[in-house]
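Reproduced below: final-v3.tsv, with TSV, C-alpha atoms and all ligand atoms.
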```tsv
chain	number	residue	atom	x	y	z
A	29	MET	CA	14.36	6.43	14.96
A	30	PRO	CA	13.27	6.99	18.59
A	31	THR	CA	10.95	4.27	19.87
A	32	PRO	CA	8.88	5.37	22.86
A	33	SER	CA	8.64	2.92	25.74
A	34	LEU	CA	5.79	1.73	27.90
A	35	THR	CA	5.96	0.59	31.48
A	36	PHE	CA	4.44	-2.75	32.33
A	37	ARG	CA	4.75	-4.24	35.83
A	38	GLY	CA	7.46	-1.70	36.56
A	39	GLU	CA	9.54	-2.74	33.56
A	40	SER	CA	10.14	-0.40	30.68
A	41	MET	CA	9.24	-1.94	27.33
A	42	ARG	CA	10.52	-0.46	24.12
A	43	ARG	CA	7.88	-0.11	21.45
A	44	ILE	CA	8.19	-2.57	18.57
A	45	TYR	CA	6.11	-1.19	15.72
A	46	LEU	CA	5.13	-3.82	13.15
A	47	ASP	CA	2.31	-2.15	11.20
A	48	HIS	CA	4.11	-0.14	8.53
A	49	ALA	CA	1.32	-0.87	6.02
A	50	ALA	CA	-1.05	1.25	8.14
A	51	ALA	CA	1.22	4.22	8.92
A	52	MET	CA	4.92	5.01	8.90
A	53	PRO	CA	6.99	7.51	10.82
A	54	VAL	CA	8.33	10.27	8.58
A	55	ASP	CA	12.03	9.61	7.92
A	56	PRO	CA	14.05	12.25	9.84
A	57	ARG	CA	15.99	13.04	6.66
A	58	VAL	CA	12.71	13.75	4.88
A	59	LEU	CA	11.56	16.02	7.69
A	60	GLU	CA	14.85	17.92	7.68
A	61	PHE	CA	14.64	18.33	3.90
A	62	ALA	CA	11.00	19.48	3.71
A	63	GLU	CA	10.66	21.52	6.92
A	64	ARG	CA	11.60	24.76	5.17
A	65	TYR	CA	8.40	24.61	3.11
A	66	LEU	CA	6.30	24.98	6.26
A	67	GLN	CA	7.70	28.33	7.40
A	68	ARG	CA	10.46	29.77	5.23
A	69	ASP	CA	9.54	28.87	1.63
A	70	PHE	CA	5.82	28.66	2.33
A	71	GLY	CA	4.61	30.54	-0.77
A	72	ASN	CA	1.78	29.49	-3.03
A	73	PRO	CA	3.37	27.67	-5.99
A	74	SER	CA	1.08	29.61	-8.36
A	75	SER	CA	2.41	33.00	-7.14
A	76	LEU	CA	4.99	34.65	-9.36
A	77	TYR	CA	7.20	36.24	-6.68
A	78	SER	CA	10.28	34.49	-5.32
A	79	VAL	CA	8.76	32.66	-2.34
A	80	GLY	CA	6.11	31.21	-4.66
A	81	LEU	CA	8.69	30.26	-7.28
A	82	GLU	CA	10.70	28.50	-4.57
A	83	ALA	CA	7.65	26.39	-3.67
A	84	LYS	CA	6.98	25.67	-7.35
A	85	ARG	CA	10.59	24.56	-7.76
A	86	ALA	CA	10.19	22.18	-4.79
A	87	ILE	CA	7.17	20.56	-6.42
A	88	GLU	CA	8.93	20.11	-9.76
A	89	ASP	CA	11.96	18.65	-7.97
A	90	ALA	CA	9.67	16.18	-6.18
A	91	ARG	CA	7.94	15.29	-9.45
A	92	LYS	CA	11.31	14.33	-10.92
A	93	LYS	CA	12.27	12.17	-7.91
A	94	VAL	CA	8.91	10.35	-7.88
A	95	ALA	CA	9.14	9.78	-11.66
A	96	GLU	CA	12.61	8.27	-11.17
A	97	LEU	CA	11.37	5.86	-8.48
A	98	ILE	CA	9.07	4.14	-11.00
A	99	ASN	CA	11.02	4.88	-14.21
A	100	ALA	CA	8.30	7.09	-15.69
A	101	GLU	CA	8.93	8.43	-19.22
A	102	LYS	CA	9.08	12.01	-17.95
A	103	GLU	CA	8.32	14.11	-14.86
A	104	THR	CA	5.08	15.40	-16.34
A	105	CYS	CA	3.60	11.89	-16.08
A	106	ILE	CA	3.27	12.48	-12.33
A	107	VAL	CA	0.23	14.26	-10.87
A	108	PHE	CA	0.30	14.99	-7.14
A	109	THR	CA	-2.80	14.26	-5.07
A	110	SER	CA	-3.66	14.11	-1.38
A	111	GLY	CA	-2.91	10.38	-1.07
A	112	ALA	CA	-3.55	6.90	-2.40
A	113	THR	CA	-7.33	7.08	-2.02
A	114	GLU	CA	-7.53	10.19	-4.17
A	115	SER	CA	-5.09	8.78	-6.74
A	116	ASN	CA	-7.20	5.61	-7.03
A	117	ASN	CA	-10.39	7.67	-7.42
A	118	LEU	CA	-8.81	9.90	-10.06
A	119	ALA	CA	-7.38	6.94	-11.98
A	120	ILE	CA	-10.60	4.96	-12.01
A	121	LYS	CA	-13.35	7.56	-12.28
A	122	GLY	CA	-11.24	10.01	-14.29
A	123	THR	CA	-10.29	7.43	-16.91
A	124	ALA	CA	-13.65	5.66	-17.11
A	125	LEU	CA	-15.59	8.92	-17.48
A	126	ARG	CA	-13.19	10.49	-20.01
A	127	ASN	CA	-13.24	7.32	-22.15
A	128	ILE	CA	-16.95	6.60	-21.86
A	129	GLY	CA	-17.26	6.76	-25.65
A	130	LYS	CA	-15.01	3.69	-25.89
A	131	GLY	CA	-17.03	1.54	-23.49
A	132	LYS	CA	-18.75	1.25	-20.16
A	133	LYS	CA	-17.05	-1.80	-18.69
A	134	VAL	CA	-14.59	-1.80	-15.78
A	135	ALA	CA	-12.86	-4.65	-13.97
A	136	ALA	CA	-10.78	-5.21	-10.84
A	137	SER	CA	-9.36	-8.05	-8.80
A	138	ALA	CA	-11.43	-9.22	-5.85
A	139	ILE	CA	-8.65	-8.25	-3.40
A	140	GLU	CA	-8.28	-4.56	-4.26
A	141	HIS	CA	-8.28	-1.94	-1.51
A	142	MET	CA	-11.64	-0.29	-0.73
A	143	SER	CA	-10.36	2.93	-2.32
A	144	VAL	CA	-10.39	1.02	-5.63
A	145	LEU	CA	-13.51	-1.09	-5.09
A	146	ASN	CA	-15.76	1.73	-3.89
A	147	PRO	CA	-15.10	4.14	-6.80
A	148	LEU	CA	-15.80	1.20	-9.11
A	149	LYS	CA	-19.08	0.54	-7.31
A	150	GLU	CA	-19.93	4.21	-7.76
A	151	LEU	CA	-19.39	3.81	-11.50
A	152	GLN	CA	-21.57	0.71	-11.43
A	153	LYS	CA	-24.42	2.82	-9.98
A	154	ARG	CA	-23.93	5.19	-12.93
A	155	GLY	CA	-24.53	2.37	-15.41
A	156	PHE	CA	-21.05	0.87	-15.83
A	157	GLU	CA	-20.69	-2.90	-15.84
A	158	LEU	CA	-18.24	-4.03	-13.13
A	159	THR	CA	-16.56	-7.44	-13.11
A	160	ASN	CA	-14.53	-8.85	-10.23
A	161	ILE	CA	-11.57	-10.96	-11.22
A	162	PRO	CA	-10.99	-13.89	-8.87
A	163	VAL	CA	-7.66	-14.78	-7.26
A	164	ASP	CA	-6.29	-18.18	-6.24
A	165	SER	CA	-5.71	-19.31	-2.64
A	166	THR	CA	-2.39	-17.42	-2.52
A	167	GLY	CA	-3.91	-14.19	-3.85
A	168	ILE	CA	-2.57	-14.36	-7.41
A	169	VAL	CA	-4.99	-13.02	-10.04
A	170	ASP	CA	-6.52	-15.70	-12.25
A	171	THR	CA	-5.04	-14.61	-15.58
A	172	GLU	CA	-7.16	-17.06	-17.60
A	173	LYS	CA	-10.34	-15.56	-16.18
A	174	LEU	CA	-8.91	-12.10	-16.81
A	175	ASN	CA	-8.37	-13.06	-20.43
A	176	ASP	CA	-11.97	-14.31	-20.69
A	177	ILE	CA	-13.55	-11.35	-18.93
A	178	LEU	CA	-11.93	-8.40	-20.70
A	179	THR	CA	-13.38	-7.03	-23.92
A	180	LYS	CA	-12.51	-4.06	-26.13
A	181	ASP	CA	-15.00	-1.91	-24.23
A	182	THR	CA	-13.36	-2.60	-20.83
A	183	THR	CA	-11.78	0.81	-20.43
A	184	VAL	CA	-10.24	0.42	-16.95
A	185	THR	CA	-8.84	-2.73	-15.33
A	186	SER	CA	-7.44	-2.23	-11.83
A	187	ILE	CA	-5.01	-4.75	-10.36
A	188	MET	CA	-2.83	-3.90	-7.37
A	189	TYR	CA	0.94	-4.35	-7.55
A	190	ALA	CA	0.98	-6.15	-4.21
A	191	ASN	CA	-1.67	-6.72	-1.60
A	192	ASN	CA	-1.36	-4.88	1.71
A	193	GLU	CA	-3.06	-7.61	3.78
A	194	ILE	CA	-1.48	-10.79	2.43
A	195	GLY	CA	1.67	-9.40	0.78
A	196	THR	CA	1.16	-11.24	-2.53
A	197	ILE	CA	2.87	-9.62	-5.53
A	198	GLU	CA	0.86	-9.84	-8.77
A	199	PRO	CA	2.44	-10.78	-12.14
A	200	ILE	CA	1.89	-7.23	-13.45
A	201	LYS	CA	3.78	-7.61	-16.72
A	202	GLU	CA	1.75	-10.66	-17.73
A	203	ILE	CA	-1.46	-8.93	-16.61
A	204	SER	CA	-0.57	-5.83	-18.62
A	205	GLU	CA	-0.14	-7.92	-21.78
A	206	ILE	CA	-3.58	-9.48	-21.29
A	207	VAL	CA	-5.19	-6.10	-20.58
A	208	HIS	CA	-3.66	-4.53	-23.67
A	209	GLU	CA	-4.61	-7.44	-25.93
A	210	ASN	CA	-8.23	-7.46	-24.77
A	211	GLY	CA	-9.14	-4.16	-23.12
A	212	LEU	CA	-7.88	-0.58	-22.88
A	213	TYR	CA	-6.03	0.72	-19.77
A	214	LEU	CA	-4.38	-0.96	-16.77
A	215	HIS	CA	-4.43	0.87	-13.44
A	216	VAL	CA	-2.11	-0.45	-10.73
A	217	ASP	CA	-2.40	0.49	-7.06
A	218	ALA	CA	1.24	0.31	-5.94
A	219	THR	CA	0.67	1.77	-2.46
A	220	ALA	CA	1.90	-1.34	-0.66
A	221	ALA	CA	4.76	-2.13	-3.06
A	222	ALA	CA	6.38	1.20	-3.96
A	223	GLY	CA	9.70	1.82	-2.27
A	224	ARG	CA	9.85	-1.87	-1.25
A	225	ILE	CA	10.42	-3.57	-4.58
A	226	PRO	CA	11.52	-2.08	-7.92
A	227	ILE	CA	8.71	-0.85	-10.15
A	228	ASP	CA	9.25	0.05	-13.80
A	229	VAL	CA	6.07	1.42	-15.37
A	230	GLN	CA	7.52	1.38	-18.90
A	231	ASN	CA	8.91	-2.12	-18.78
A	232	GLU	CA	5.80	-3.50	-17.07
A	233	GLY	CA	3.35	-1.75	-19.40
A	234	ILE	CA	1.43	0.19	-16.75
A	235	ASP	CA	-0.92	3.00	-17.85
A	236	LEU	CA	-1.82	4.44	-14.44
A	237	LEU	CA	-0.08	3.85	-11.11
A	238	THR	CA	-1.02	4.97	-7.60
A	239	LEU	CA	1.60	5.97	-5.02
A	240	SER	CA	1.30	7.21	-1.45
A	241	SER	CA	3.78	9.45	0.38
A	242	ASN	CA	3.36	8.01	3.85
A	243	ASP	CA	3.88	4.47	2.57
A	244	ILE	CA	7.45	5.41	1.60
A	245	TYR	CA	8.26	7.31	4.86
A	246	GLY	CA	7.04	10.64	3.53
A	247	PRO	CA	4.53	12.94	5.26
A	248	GLN	CA	0.81	12.13	5.31
A	249	GLY	CA	-1.30	14.21	2.95
A	250	ALA	CA	0.43	13.59	-0.37
A	251	GLY	CA	0.16	10.93	-3.03
A	252	ALA	CA	0.77	10.69	-6.74
A	253	LEU	CA	-0.76	9.24	-9.84
A	254	TYR	CA	1.47	8.22	-12.74
A	255	ILE	CA	-0.31	8.72	-16.07
A	256	LYS	CA	1.31	7.25	-19.19
A	257	PRO	CA	1.73	9.77	-22.01
A	258	GLY	CA	-1.36	9.68	-24.23
A	259	VAL	CA	-3.79	8.37	-21.57
A	260	ARG	CA	-6.64	10.88	-21.19
A	261	LEU	CA	-8.44	11.52	-17.90
A	262	GLN	CA	-11.26	13.73	-16.75
A	263	SER	CA	-10.64	15.80	-13.63
A	264	ILE	CA	-12.68	14.70	-10.64
A	265	LEU	CA	-11.78	17.79	-8.62
A	266	PRO	CA	-12.33	20.91	-10.71
A	267	GLY	CA	-11.09	24.28	-9.46
A	268	GLY	CA	-8.07	26.48	-10.08
A	269	GLY	CA	-6.49	24.10	-12.59
A	270	GLN	CA	-3.35	23.03	-10.72
A	271	GLU	CA	-1.60	19.77	-11.71
A	272	ARG	CA	-2.37	20.07	-15.45
A	273	GLY	CA	-5.98	20.76	-14.57
A	274	LEU	CA	-6.37	17.19	-13.30
A	275	ARG	CA	-6.19	17.99	-9.59
A	276	SER	CA	-7.15	21.47	-8.59
A	277	GLY	CA	-6.33	22.96	-5.22
A	278	THR	CA	-3.28	24.70	-3.76
A	279	GLU	CA	-0.53	22.11	-3.51
A	280	ASN	CA	0.55	20.67	-0.14
A	281	VAL	CA	4.14	21.77	-0.75
A	282	PHE	CA	5.62	20.38	2.48
A	283	ALA	CA	4.12	16.92	1.95
A	284	ILE	CA	4.91	16.86	-1.77
A	285	ALA	CA	8.54	17.98	-1.27
A	286	GLY	CA	8.80	15.36	1.50
A	287	MET	CA	7.34	12.68	-0.76
A	288	GLY	CA	9.96	13.50	-3.40
A	289	GLU	CA	12.82	13.18	-0.94
A	290	ALA	CA	11.28	9.98	0.48
A	291	ALA	CA	11.16	8.57	-3.07
A	292	ARG	CA	14.81	9.47	-3.64
A	293	ILE	CA	15.88	7.74	-0.39
A	294	ALA	CA	13.70	4.69	-1.08
A	295	LYS	CA	15.25	4.24	-4.53
A	296	ALA	CA	18.79	4.63	-3.19
A	297	GLU	CA	18.34	2.23	-0.25
A	298	MET	CA	15.76	-0.24	-1.54
A	299	VAL	CA	17.99	-3.18	-2.43
A	300	GLN	CA	19.94	-3.19	0.83
A	301	GLU	CA	16.97	-2.46	3.08
A	302	CYS	CA	14.78	-5.10	1.43
A	303	LYS	CA	17.47	-7.71	1.93
A	304	ARG	CA	17.75	-6.79	5.62
A	305	LEU	CA	13.98	-6.84	6.22
A	306	LYS	CA	13.51	-10.07	4.26
A	307	GLY	CA	16.03	-11.72	6.59
A	308	ILE	CA	14.06	-10.66	9.68
A	309	ARG	CA	10.76	-11.52	8.01
A	310	ASP	CA	11.88	-15.02	6.97
A	311	ASP	CA	13.03	-15.83	10.51
A	312	LEU	CA	9.73	-14.56	11.91
A	313	ILE	CA	7.75	-16.79	9.52
A	314	VAL	CA	9.75	-19.84	10.60
A	315	GLU	CA	9.08	-19.04	14.26
A	316	MET	CA	5.37	-18.26	13.85
A	317	LEU	CA	4.70	-21.44	11.92
A	318	LYS	CA	6.03	-23.44	14.87
A	319	ILE	CA	2.86	-22.40	16.74
A	320	ASP	CA	0.12	-25.03	16.68
A	321	GLU	CA	-2.53	-24.45	14.01
A	322	SER	CA	-0.85	-21.39	12.55
A	323	TYR	CA	-0.80	-20.77	8.81
A	324	LEU	CA	0.85	-18.30	6.46
A	325	THR	CA	-1.65	-16.34	4.35
A	326	GLY	CA	-0.75	-15.07	0.90
A	327	HIS	CA	1.94	-16.39	-1.41
A	328	PRO	CA	4.89	-18.25	0.17
A	329	THR	CA	7.51	-16.69	-2.13
A	330	GLN	CA	5.87	-14.08	-4.42
A	331	ARG	CA	5.37	-11.68	-1.54
A	332	LEU	CA	6.61	-8.31	-0.35
A	333	PRO	CA	9.96	-8.71	1.44
A	334	HIS	CA	8.87	-6.94	4.63
A	335	HIS	CA	5.48	-8.61	4.86
A	336	ALA	CA	4.37	-11.63	6.93
A	337	SER	CA	0.72	-12.53	7.40
A	338	PHE	CA	-0.74	-15.40	9.36
A	339	ARG	CA	-3.92	-16.86	10.68
A	340	PHE	CA	-4.32	-18.72	13.93
A	341	SER	CA	-7.30	-20.98	14.44
A	342	ARG	CA	-9.76	-20.56	17.32
A	343	ILE	CA	-8.81	-16.95	18.18
A	344	GLU	CA	-9.74	-13.46	17.00
A	345	GLY	CA	-7.27	-11.17	15.27
A	346	GLU	CA	-8.59	-8.17	17.26
A	347	SER	CA	-7.74	-9.93	20.53
A	348	ILE	CA	-4.22	-10.69	19.28
A	349	LEU	CA	-3.76	-7.04	18.29
A	350	LEU	CA	-4.98	-5.68	21.65
A	351	ASN	CA	-3.04	-8.20	23.73
A	352	MET	CA	0.19	-7.58	21.85
A	353	ASP	CA	-0.22	-3.84	22.32
A	354	MET	CA	-1.21	-3.85	25.98
A	355	MET	CA	1.04	-6.61	27.25
A	356	TYR	CA	4.15	-6.17	25.11
A	357	ASN	CA	3.98	-2.71	23.48
A	358	ILE	CA	4.11	-4.43	20.08
A	359	GLN	CA	1.79	-3.14	17.34
A	360	VAL	CA	0.58	-5.62	14.75
A	361	SER	CA	-2.41	-5.49	12.43
A	362	THR	CA	-5.31	-7.78	11.79
A	363	GLY	CA	-5.85	-6.70	8.18
A	364	SER	CA	-6.45	-3.38	6.54
A	365	ALA	CA	-6.36	-0.47	9.00
A	366	CYS	CA	-9.07	1.22	6.98
A	367	THR	CA	-11.56	-1.58	7.50
A	368	SER	CA	-10.36	-3.27	10.66
A	369	ARG	CA	-12.71	-1.19	12.79
A	370	THR	CA	-15.56	-3.24	11.41
A	371	LEU	CA	-16.11	-6.76	12.69
A	372	GLU	CA	-16.69	-8.03	9.17
A	373	PRO	CA	-14.02	-10.49	8.02
A	374	SER	CA	-11.61	-9.06	5.46
A	375	HIS	CA	-12.85	-9.29	1.86
A	376	VAL	CA	-9.27	-10.20	0.90
A	377	LEU	CA	-9.17	-13.27	3.14
A	378	LEU	CA	-12.62	-14.35	1.95
A	379	ALA	CA	-11.50	-13.90	-1.68
A	380	ILE	CA	-8.57	-16.30	-1.17
A	381	GLY	CA	-11.09	-18.87	-0.04
A	382	LEU	CA	-10.94	-18.71	3.76
A	383	LYS	CA	-14.09	-19.41	5.74
A	384	HIS	CA	-15.45	-16.60	7.94
A	385	GLU	CA	-14.15	-18.19	11.14
A	386	GLU	CA	-10.71	-18.72	9.58
A	387	ALA	CA	-10.54	-15.13	8.32
A	388	HIS	CA	-11.20	-13.81	11.84
A	389	GLY	CA	-7.92	-15.12	13.27
A	390	SER	CA	-5.56	-13.06	11.15
A	391	MET	CA	-2.38	-11.23	12.18
A	392	VAL	CA	-0.33	-9.10	9.80
A	393	ILE	CA	3.24	-7.92	10.36
A	394	THR	CA	4.78	-5.27	8.10
A	395	LEU	CA	8.38	-4.41	8.96
A	396	GLY	CA	10.15	-1.11	8.49
A	397	ARG	CA	13.37	0.82	9.00
A	398	SER	CA	13.10	0.85	12.81
A	399	ASN	CA	12.97	-2.96	13.09
A	400	ALA	CA	16.04	-5.04	13.91
A	401	PHE	CA	17.13	-8.70	14.07
A	402	GLU	CA	17.36	-8.46	17.86
A	403	GLU	CA	13.58	-8.06	18.01
A	404	ILE	CA	12.85	-11.51	16.55
A	405	PRO	CA	12.95	-13.45	19.89
A	406	ILE	CA	10.91	-10.73	21.65
A	407	ILE	CA	8.21	-10.75	18.96
A	408	THR	CA	8.17	-14.54	18.80
A	409	LYS	CA	7.79	-14.91	22.57
A	410	ALA	CA	5.03	-12.29	22.66
A	411	VAL	CA	3.02	-13.92	19.87
A	412	LYS	CA	3.42	-17.43	21.32
A	413	GLU	CA	2.29	-16.32	24.78
A	414	THR	CA	-0.59	-14.29	23.33
A	415	VAL	CA	-1.90	-17.13	21.19
A	416	GLN	CA	-1.65	-19.56	24.10
A	417	ARG	CA	-3.39	-17.16	26.50
A	418	LEU	CA	-6.22	-16.45	24.06
A	419	ARG	CA	-6.71	-20.11	23.22
A	420	GLU	CA	-7.03	-20.94	26.91
A	421	LEU	CA	-9.82	-18.36	27.12
A	422	SER	CA	-11.43	-19.34	23.83
A	423	PRO	CA	-14.81	-21.10	23.99
A	424	LEU	CA	-14.15	-22.61	20.53
B	1	LIG	N1	-4.26	1.19	-1.42
B	1	LIG	C1	-3.62	0.34	-0.61
B	1	LIG	C2	-3.06	-0.92	-1.16
B	1	LIG	C3	-3.48	0.64	0.76
B	1	LIG	O1	-2.85	-0.21	1.58
B	1	LIG	C4	-4.02	1.86	1.25
B	1	LIG	C5	-3.89	2.19	2.71
B	1	LIG	N2	-2.55	2.44	3.10
B	1	LIG	C6	-4.67	2.72	0.35
B	1	LIG	C7	-4.78	2.34	-0.97
B	1	LIG	C8	-5.29	4.01	0.80
B	1	LIG	O2	-4.35	4.85	1.35
B	1	LIG	P1	-4.80	6.22	2.06
B	1	LIG	O3	-5.78	5.84	3.12
B	1	LIG	O4	-3.52	6.76	2.59
B	1	LIG	O5	-5.40	7.10	1.03
```
Please rewrite the model in this file as structure tokens.
Ligand code: PMP
Amino acid sequence: MPTPSLTFRGESMRRIYLDHAAAMPVDPRVLEFAERYLQRDFGNPSSLYSVGLEAKRAIEDARKKVAELINAEKETCIVFTSGATESNNLAIKGTALRNIGKGKKVAASAIEHMSVLNPLKELQKRGFELTNIPVDSTGIVDTEKLNDILTKDTTVTSIMYANNEIGTIEPIKEISEIVHENGLYLHVDATAAAGRIPIDVQNEGIDLLTLSSNDIYGPQGAGALYIKPGVRLQSILPGGGQERGLRSGTENVFAIAGMGEAARIAKAEMVQECKRLKGIRDDLIVEMLKIDESYLTGHPTQRLPHHASFRFSRIEGESILLNMDMMYNIQVSTGSACTSRTLEPSHVLLAIGLKHEEAHGSMVITLGRSNAFEEIPIITKAVKETVQRLRELSPL
């Protein structure tokens, strides 16, 4: 993929993009596949003439490819949405409200994304009881506490497949057994994990699963919710009745068709690509931990293969991010893109037990298809120089 360059002191610097958890370039193969739905086969999928039927066919084709990525029972288990935030809202509010007769308790891990935590808080304002499930210092959900907390009237428990900020992968199968012994439905936000590691909703006992198109190199503006056969939801977006009446609104055919193709490519290339990225990632971790007072955050082994997250004492993550961008044309993150514009420390880092001042020095690297082994020494040098420079300036 083309990587634009920046000129610094007369030298051209190729961009090294290391924030694939925040946004991804659309894979050129996806763009080539889906482009026709912008201008040629642009019809409304609900229209009965040929150009509409063509669009409808594209959506059903995408539904099949997305279902295959996660081994869903059948295509009809997949409902397309506008993205992960909407899928999380539909899963949580839709299920809790439809099953209100069975109970008014909901639960989630303390490290969920805001698009899970905020809909839950909304339910809390409407009289639901919300319980946060703690995690250990590596980000793994405390399954004993989960066992204690859940009761038969806990209708929705939401635990993410893997965390976007610290990379930790949760023991979903074990969690699913606990949820089904004690409560009702398990919702899993797989935005950070899908397309990176294999997911099997049937084998892992998942009732609802959130996916995002852009997080698998598809276009922005599409997402999906897997709904296990038999699980009943209330629509949170009433209208023309598209997507089995669960998500009204004319479908974003280009983005949905692109998401389908992105899912197909991710499934076909996952094993090989994950191995390649894990190799780069492991070398980067070794190099970063050579820096004085640097620490890995998240789980040392149970983590996403493309994900490396650190904290450096006595400096601010925002300064690292800006320095790396301006001085080296390297883009890293300091946590969740959605909340990093606030100066509040990340709720994820606080939940794993870091102090406020420790949580402020975080740097997150998420690798992708454009990254290569040759970049390791460039990234390492840039981070080492940045940390040293910032520490020299630091009053702490
Ligand atoms: N869940 C997780 C784990 C995420 O990382 C994100 C952000 N990529 C979201 C949900 C929300 O995604 P979006 O902003 O695309 O709706």
- Message: Hey, which residues sit close to ligand LIG 1 (chain B)? Say within 8 Å, counting all atoms listed in the file, and write them as a PyMOL selection string.
- Response: chain A and resi 49-51+110-116+140-144+188+190-193+217-220+238+240+242-243+248-249+251+364-366
- Task: Identify which of the residues A:Arg272, A:His327, A:Lys92, A:Lys180 lies closest to Ser165 of chain A, counting only C-alpha atoms when measuring atom-to-atom distances.
- Result: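 Comparing A:Arg272, A:His327, A:Lys92, A:Lys180 against Ser165 of chain A, the winner is A:His327.
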- Message: Show me, as a PyMOL selection string, the residues that have an atom within 9 Å of Ile206 of chain A when counting all atoms listed in the file, minus same-chain residues fewer than 2 positions from it.
- Response: chain A and resi 171+174-175+178+201-204+208-211
- If you measure from atom CA of Gln230 of chain A to atom CA of Ala100 of chain A, what distance in Å do you get, rounded to one decimal?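 Between these atoms lies a distance of 6.6 Å.
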- Message: Report as a PyMOL selection string all protein, DNA and RNA residues lying within 7 Å of segment 194-198 of chain A, evaluated on all atoms listed in the file, omitting residues in the same chain fewer than 4 positions from it.
- Response: chain A and resi 167-169+189-190+325-327+330-332+335+337
- Note on the structure: What separates atom CA of Ala135 of chain A and atom CA of Ile255 of chain A is a distance of 18.5 Å
- Nearest to Gly246 of chain A: which of A:Ala294, A:Leu148, A:Arg275, A:His215 is it, counting all atoms listed in the file? A:Ala294
- Task: Would you list the contacts of segment 182-186 of chain A as a VMD selection string, taking every protein, DNA or RNA residue within 9 Å and counting only C-alpha atoms, but skipping same-chain residues closer than 3 positions in sequence?
- Result: chain A and resid 119 to 120 123 to 124 127 to 128 130 to 137 140 144 157 177 to 179 207 210 to 217
- Query: segment 298-314 of chain A: which residues within 8 Å, counting only C-alpha atoms, same-chain residues fewer than 6 positions away excluded, as an NGL selection string?
  - Reply: :A and (223-226 or 324 or 333-336 or 395-397 or 399-401 or 404 or 408)
- Query: What does the distance from atom CA of Leu274 of chain A to atom CA of Gly258 of chain A come to in Å, to one decimal?
  - Reply: 14.2 Å
Any chance you could export segment 266-304 of chain A with C-alpha atoms, as a short mmCIF file (atom, residue, chain, number, x, y, z; two decimals), in the first residue's frame?
```cif
data_model
loop_
_atom_site.label_atom_id
_atom_site.label_comp_id
_atom_site.auth_asym_id
_atom_site.auth_seq_id
_atom_site.Cartn_x
_atom_site.Cartn_y
_atom_site.Cartn_z
CA PRO A 266 -37.25 1.75 13.81
CA GLY A 267 -38.09 2.72 10.23
CA GLY A 268 -38.51 0.90 6.93
CA GLY A 269 -37.81 -2.53 8.40
CA GLN A 270 -34.54 -3.42 6.66
CA GLU A 271 -32.25 -6.07 8.20
CA ARG A 272 -35.09 -8.24 9.57
CA GLY A 273 -36.64 -5.14 11.08
CA LEU A 274 -33.73 -4.85 13.53
CA ARG A 275 -31.89 -2.06 11.74
CA SER A 276 -33.96 0.15 9.53
CA GLY A 277 -32.47 2.47 6.95
CA THR A 278 -31.31 2.05 3.36
CA GLU A 279 -28.23 -0.16 3.43
CA ASN A 280 -24.75 1.26 2.80
CA VAL A 281 -24.19 -1.19 -0.06
CA PHE A 282 -20.64 -0.11 -0.93
CA ALA A 283 -19.41 -0.41 2.66
CA ILE A 284 -21.31 -3.65 3.31
CA ALA A 285 -20.07 -5.30 0.09
CA GLY A 286 -16.56 -4.10 1.00
CA MET A 287 -16.88 -5.50 4.51
CA GLY A 288 -17.85 -8.88 3.06
CA GLU A 289 -14.82 -8.97 0.77
CA ALA A 290 -12.59 -7.76 3.63
CA ALA A 291 -13.91 -10.64 5.77
CA ARG A 292 -13.18 -13.14 3.00
CA ILE A 293 -9.59 -11.88 2.63
CA ALA A 294 -9.04 -11.76 6.40
CA LYS A 295 -10.16 -15.38 6.76
CA ALA A 296 -7.98 -16.54 3.88
CA GLU A 297 -4.83 -14.71 5.02
CA MET A 298 -5.20 -14.64 8.81
CA VAL A 299 -2.84 -17.44 9.80
CA GLN A 300 0.05 -16.29 7.62
CA GLU A 301 -0.38 -12.58 8.29
CA CYS A 302 -0.70 -13.06 12.05
CA LYS A 303 2.52 -15.05 12.11
CA ARG A 304 4.32 -12.30 10.19
#
```
